[in-house]
Amino acid sequence: MFRMLLPLAFLLVSACAGTEPRYLIDPPEVKTVSRLAVSSIEVREVSLPTYAEGSEILMEGEDGALMPIDNAAWADDPVRAVTLSLADQMGRASTATVAAEPWPLEEGADVSVHVRVTAMVARADGTFDLTGQYALSSFDKVVRERVARFDISIPLPANTPSGIALATSQSVTALSDQILTALRR
């Protein structure tokens, strides 16, 4: 009896799996590389607002409500995707060794980057906003520790899932550039 129920259970679970298209947060190609005073950077897990942590791709409506776009989802957990994308972008755009937490090397990183996002939303007015603050911490005081705010607004190429994914990628790149600029000082 159990052997007959197992395939049925597998079929039911498979039927529940979503088949909607999934979109990546994929940073654009790096054009310039920044020389930094630090040799290693750890990017801590990025903190996103609750509405941005879900797999649904959201768009602000005319009434200000955030609504999921039909048949569209993020390809990866947004917290993980933004964290890894930021670390990857910072690593490719600088001379430093950059990794997302947990730090994989025996010797600790010179600097840790902590990012807290307060808004990550595709607006009804055709912009994508990424706002919040980041902190640079350095246990060995290799750099001056500080907290800075960011307010990034990117034009949406289209009010579609792929347009939102592209604007998200561009905003993560802009954040990476701001953090790297702060680390050059």
# chains A, B, ... in the order shown; residues from 1 in each chain; ligands from 1

call {"tool": "closest_atom_pairs", "arguments": {"of": "region 106-166 of chain A", "to": "region 27-44 of chain A", "cutoff": "6 Å", "atoms": "only C-alpha atoms", "output": "CSV"}}
result
residue,atom,partner,partner_atom,distance
A:Ala109,CA,A:Ser40,CA,5.0
A:Asp110,CA,A:Ser40,CA,5.3
A:Val111,CA,A:Ile41,CA,4.9
A:Ser112,CA,A:Glu42,CA,4.6
A:Val113,CA,A:Val43,CA,4.9
A:His114,CA,A:Arg44,CA,5.3

call {"tool": "write_last_selection", "arguments": {"atoms": "N, CA and C atoms", "output": "PDB file, in the first residue's frame"}}
result
ATOM      1  N   ALA A 109      39.007  39.334   7.377  1.00  0.00           N
ATOM      2  CA  ALA A 109      38.971  40.412   6.388  1.00  0.00           C
ATOM      3  C   ALA A 109      39.381  41.732   7.031  1.00  0.00           C
ATOM      4  N   ASP A 110      39.955  42.625   6.223  1.00  0.00           N
ATOM      5  CA  ASP A 110      40.321  43.957   6.709  1.00  0.00           C
ATOM      6  C   ASP A 110      39.086  44.773   7.081  1.00  0.00           C
ATOM      7  N   VAL A 111      38.019  44.598   6.298  1.00  0.00           N
ATOM      8  CA  VAL A 111      36.802  45.395   6.460  1.00  0.00           C
ATOM      9  C   VAL A 111      35.585  44.497   6.312  1.00  0.00           C
ATOM     10  N   SER A 112      34.557  44.791   7.103  1.00  0.00           N
ATOM     11  CA  SER A 112      33.248  44.150   6.925  1.00  0.00           C
ATOM     12  C   SER A 112      32.260  45.219   6.489  1.00  0.00           C
ATOM     13  N   VAL A 113      31.419  44.864   5.526  1.00  0.00           N
ATOM     14  CA  VAL A 113      30.384  45.772   5.027  1.00  0.00           C
ATOM     15  C   VAL A 113      29.036  45.234   5.483  1.00  0.00           C
ATOM     16  N   HIS A 114      28.289  46.080   6.177  1.00  0.00           N
ATOM     17  CA  HIS A 114      26.951  45.732   6.655  1.00  0.00           C
ATOM     18  C   HIS A 114      25.962  46.622   5.908  1.00  0.00           C
TER      19      HIS A 114
END

call {"tool": "residues_around", "arguments": {"residues": "Ile69 (chain A)", "least_positions_apart": "5", "cutoff": "7 Å", "atoms": "only C-alpha atoms", "output": "VMD selection string"}}
result
chain A and resid 57 to 59

call {"tool": "atom_distance", "arguments": {"atom1": "CA of Glu53 (chain A)", "atom2": "CA of Gly126 (chain A)"}}
result
21.4 Å

call {"tool": "select_by_dssp", "arguments": {"residues": "region 2-157 of chain A", "states": "helix (DSSP H, G or I)", "output": "PyMOL selection string"}}
result
chain A and resi 2-16+50-52+78-92

call {"tool": "atom_distance", "arguments": {"atom1": "CA of Thr19 (chain A)", "atom2": "CA of Leu66 (chain A)"}}
result
22.3 Å

call {"tool": "residues_around", "arguments": {"residues": "Asp88 (chain A)", "least_positions_apart": "4", "cutoff": "12 Å", "atoms": "only C-alpha atoms", "output": "PyMOL selection string"}}
result
chain A and resi 25-30+41-43+80-84+92-94+96-100+169+172-173+176

call {"tool": "closest_residue", "arguments": {"among": "A:Ile164, A:Leu136, A:Leu24, A:Val117", "to": "Leu180 (chain A)", "atoms": "only C-alpha atoms"}}
result
A:Leu136

call {"tool": "residues_around", "arguments": {"residues": "Pro161 (chain A)", "least_positions_apart": "4", "cutoff": "12 Å", "atoms": "only C-alpha atoms", "output": "list in words"}}
result
Glu20, Pro21, Arg22, Tyr23, Leu24, Ile25, Glu56, Ile57, Leu58, Met59, Pro68, Ile69, Asp70, Asn71, Ala72, Ala73, Trp74, Ala75, Ala122, Leu156, Pro157, Ala165, Leu166, Ala167 and Thr168 of chain A

call {"tool": "select_by_dssp", "arguments": {"residues": "region 10-174 of chain A", "states": "strand (DSSP E)", "output": "PyMOL selection string"}}
result
chain A and resi 22-23+40-43+56-60+66-74+97-100+111-122+127-137+146-155

call {"tool": "residues_around", "arguments": {"residues": "region 146-149 of chain A", "least_positions_apart": "2", "cutoff": "8 Å", "atoms": "only C-alpha atoms", "output": "number ranges by chain"}}
result
A: 131-137, 144, 151

call {"tool": "write_last_selection", "arguments": {"atoms": "N, CA and C atoms", "output": "compact mmCIF listing (two decimals), in the first residue's frame"}}
result
# COMPACT_ATOMS: atom_id res chain seq x y z
N THR A 131 17.13 52.27 -1.12
CA THR A 131 17.58 53.20 -0.09
C THR A 131 17.92 52.44 1.18
N GLY A 132 18.74 53.07 2.01
CA GLY A 132 19.10 52.45 3.28
C GLY A 132 20.41 53.01 3.78
N GLN A 133 21.16 52.18 4.48
CA GLN A 133 22.47 52.59 4.98
C GLN A 133 23.43 51.41 4.95
N TYR A 134 24.71 51.75 4.87
CA TYR A 134 25.74 50.72 4.99
C TYR A 134 26.74 51.17 6.06
N ALA A 135 27.37 50.19 6.67
CA ALA A 135 28.39 50.47 7.68
C ALA A 135 29.67 49.75 7.28
N LEU A 136 30.77 50.42 7.48
CA LEU A 136 32.09 49.83 7.26
C LEU A 136 32.70 49.63 8.64
N SER A 137 32.98 48.38 8.98
CA SER A 137 33.60 48.09 10.27
C SER A 137 34.94 47.40 10.05
N ARG A 144 38.79 53.83 8.60
CA ARG A 144 37.93 54.54 9.55
C ARG A 144 36.53 53.94 9.48
N ASP A 151 20.85 56.46 -1.34
CA ASP A 151 19.53 56.74 -1.91
C ASP A 151 19.69 56.64 -3.43

call {"tool": "atom_distance", "arguments": {"atom1": "CA of Asn159 (chain A)", "atom2": "CA of Ala174 (chain A)"}}
result
20.2 Å

call {"tool": "decode", "arguments": {"residues": "region 98-134 of chain A", "atoms": "N, CA and C atoms", "output": "mmCIF file, in the first residue's frame"}}
result
data_model
loop_
_atom_site.group_PDB
_atom_site.id
_atom_site.type_symbol
_atom_site.label_atom_id
_atom_site.label_comp_id
_atom_site.auth_asym_id
_atom_site.auth_seq_id
_atom_site.Cartn_x
_atom_site.Cartn_y
_atom_site.Cartn_z
ATOM 1 N N VAL A 98 37.147 39.833 -2.152
ATOM 2 C CA VAL A 98 35.833 40.082 -1.557
ATOM 3 C C VAL A 98 35.051 38.781 -1.515
ATOM 4 N N ALA A 99 34.397 38.532 -0.383
ATOM 5 C CA ALA A 99 33.543 37.350 -0.242
ATOM 6 C C ALA A 99 32.381 37.688 0.679
ATOM 7 N N ALA A 100 31.266 37.023 0.415
ATOM 8 C CA ALA A 100 30.109 37.143 1.304
ATOM 9 C C ALA A 100 30.355 36.282 2.534
ATOM 10 N N GLU A 101 29.697 36.660 3.635
ATOM 11 C CA GLU A 101 29.845 35.853 4.853
ATOM 12 C C GLU A 101 29.244 34.473 4.637
ATOM 13 N N PRO A 102 29.727 33.468 5.297
ATOM 14 C CA PRO A 102 30.814 33.481 6.267
ATOM 15 C C PRO A 102 32.168 33.614 5.558
ATOM 16 N N TRP A 103 33.060 34.386 6.180
ATOM 17 C CA TRP A 103 34.375 34.635 5.597
ATOM 18 C C TRP A 103 35.109 33.306 5.430
ATOM 19 N N PRO A 104 35.564 32.981 4.211
ATOM 20 C CA PRO A 104 36.111 31.649 3.948
ATOM 21 C C PRO A 104 37.599 31.461 4.250
ATOM 22 N N LEU A 105 38.306 32.536 4.550
ATOM 23 C CA LEU A 105 39.753 32.429 4.735
ATOM 24 C C LEU A 105 40.129 32.392 6.213
ATOM 25 N N GLU A 106 41.304 31.846 6.489
ATOM 26 C CA GLU A 106 41.793 31.723 7.872
ATOM 27 C C GLU A 106 41.983 33.095 8.515
ATOM 28 N N GLU A 107 42.669 33.987 7.804
ATOM 29 C CA GLU A 107 42.887 35.339 8.324
ATOM 30 C C GLU A 107 41.646 36.178 8.047
ATOM 31 N N GLY A 108 41.225 36.956 9.027
ATOM 32 C CA GLY A 108 40.007 37.762 8.885
ATOM 33 C C GLY A 108 40.139 38.846 7.830
ATOM 34 N N ALA A 109 39.007 39.334 7.377
ATOM 35 C CA ALA A 109 38.971 40.412 6.388
ATOM 36 C C ALA A 109 39.381 41.732 7.031
ATOM 37 N N ASP A 110 39.955 42.625 6.223
ATOM 38 C CA ASP A 110 40.321 43.957 6.709
ATOM 39 C C ASP A 110 39.086 44.773 7.081
ATOM 40 N N VAL A 111 38.019 44.598 6.298
ATOM 41 C CA VAL A 111 36.802 45.395 6.460
ATOM 42 C C VAL A 111 35.585 44.497 6.312
ATOM 43 N N SER A 112 34.557 44.791 7.103
ATOM 44 C CA SER A 112 33.248 44.150 6.925
ATOM 45 C C SER A 112 32.260 45.219 6.489
ATOM 46 N N VAL A 113 31.419 44.864 5.526
ATOM 47 C CA VAL A 113 30.384 45.772 5.027
ATOM 48 C C VAL A 113 29.036 45.234 5.483
ATOM 49 N N HIS A 114 28.289 46.080 6.177
ATOM 50 C CA HIS A 114 26.951 45.732 6.655
ATOM 51 C C HIS A 114 25.962 46.622 5.908
ATOM 52 N N VAL A 115 24.983 46.033 5.227
ATOM 53 C CA VAL A 115 24.006 46.809 4.454
ATOM 54 C C VAL A 115 22.613 46.540 4.998
ATOM 55 N N ARG A 116 21.887 47.635 5.277
ATOM 56 C CA ARG A 116 20.500 47.546 5.713
ATOM 57 C C ARG A 116 19.657 48.347 4.726
ATOM 58 N N VAL A 117 18.844 47.644 3.964
ATOM 59 C CA VAL A 117 17.998 48.272 2.950
ATOM 60 C C VAL A 117 16.660 48.633 3.586
ATOM 61 N N THR A 118 16.243 49.896 3.422
ATOM 62 C CA THR A 118 14.940 50.315 3.941
ATOM 63 C C THR A 118 13.869 50.300 2.860
ATOM 64 N N ALA A 119 14.269 50.464 1.602
ATOM 65 C CA ALA A 119 13.312 50.381 0.490
ATOM 66 C C ALA A 119 14.008 49.774 -0.717
ATOM 67 N N MET A 120 13.343 48.816 -1.337
ATOM 68 C CA MET A 120 13.814 48.202 -2.580
ATOM 69 C C MET A 120 12.553 47.934 -3.385
ATOM 70 N N VAL A 121 12.183 48.923 -4.219
ATOM 71 C CA VAL A 121 10.861 48.849 -4.833
ATOM 72 C C VAL A 121 10.843 49.451 -6.236
ATOM 73 N N ALA A 122 10.109 48.770 -7.129
ATOM 74 C CA ALA A 122 9.829 49.292 -8.465
ATOM 75 C C ALA A 122 8.618 50.209 -8.325
ATOM 76 N N ARG A 123 8.807 51.491 -8.556
ATOM 77 C CA ARG A 123 7.769 52.499 -8.337
ATOM 78 C C ARG A 123 6.833 52.623 -9.540
ATOM 79 N N ALA A 124 5.640 53.098 -9.253
ATOM 80 C CA ALA A 124 4.642 53.317 -10.301
ATOM 81 C C ALA A 124 5.080 54.428 -11.252
ATOM 82 N N ASP A 125 5.969 55.329 -10.788
ATOM 83 C CA ASP A 125 6.422 56.444 -11.631
ATOM 84 C C ASP A 125 7.527 56.049 -12.613
ATOM 85 N N GLY A 126 7.880 54.753 -12.654
ATOM 86 C CA GLY A 126 8.874 54.287 -13.618
ATOM 87 C C GLY A 126 10.302 54.302 -13.109
ATOM 88 N N THR A 127 10.487 54.370 -11.794
ATOM 89 C CA THR A 127 11.826 54.314 -11.224
ATOM 90 C C THR A 127 11.946 53.106 -10.303
ATOM 91 N N PHE A 128 13.180 52.704 -10.068
ATOM 92 C CA PHE A 128 13.463 51.656 -9.089
ATOM 93 C C PHE A 128 14.287 52.298 -7.995
ATOM 94 N N ASP A 129 13.805 52.222 -6.759
ATOM 95 C CA ASP A 129 14.481 52.857 -5.632
ATOM 96 C C ASP A 129 15.124 51.825 -4.722
ATOM 97 N N LEU A 130 16.361 52.108 -4.343
ATOM 98 C CA LEU A 130 17.093 51.317 -3.358
ATOM 99 C C LEU A 130 17.655 52.309 -2.344
ATOM 100 N N THR A 131 17.132 52.270 -1.120
ATOM 101 C CA THR A 131 17.577 53.200 -0.092
ATOM 102 C C THR A 131 17.918 52.443 1.184
ATOM 103 N N GLY A 132 18.736 53.069 2.012
ATOM 104 C CA GLY A 132 19.099 52.454 3.282
ATOM 105 C C GLY A 132 20.415 53.015 3.776
ATOM 106 N N GLN A 133 21.160 52.177 4.477
ATOM 107 C CA GLN A 133 22.465 52.592 4.976
ATOM 108 C C GLN A 133 23.430 51.412 4.947
ATOM 109 N N TYR A 134 24.714 51.754 4.873
ATOM 110 C CA TYR A 134 25.742 50.720 4.994
ATOM 111 C C TYR A 134 26.739 51.168 6.055
#
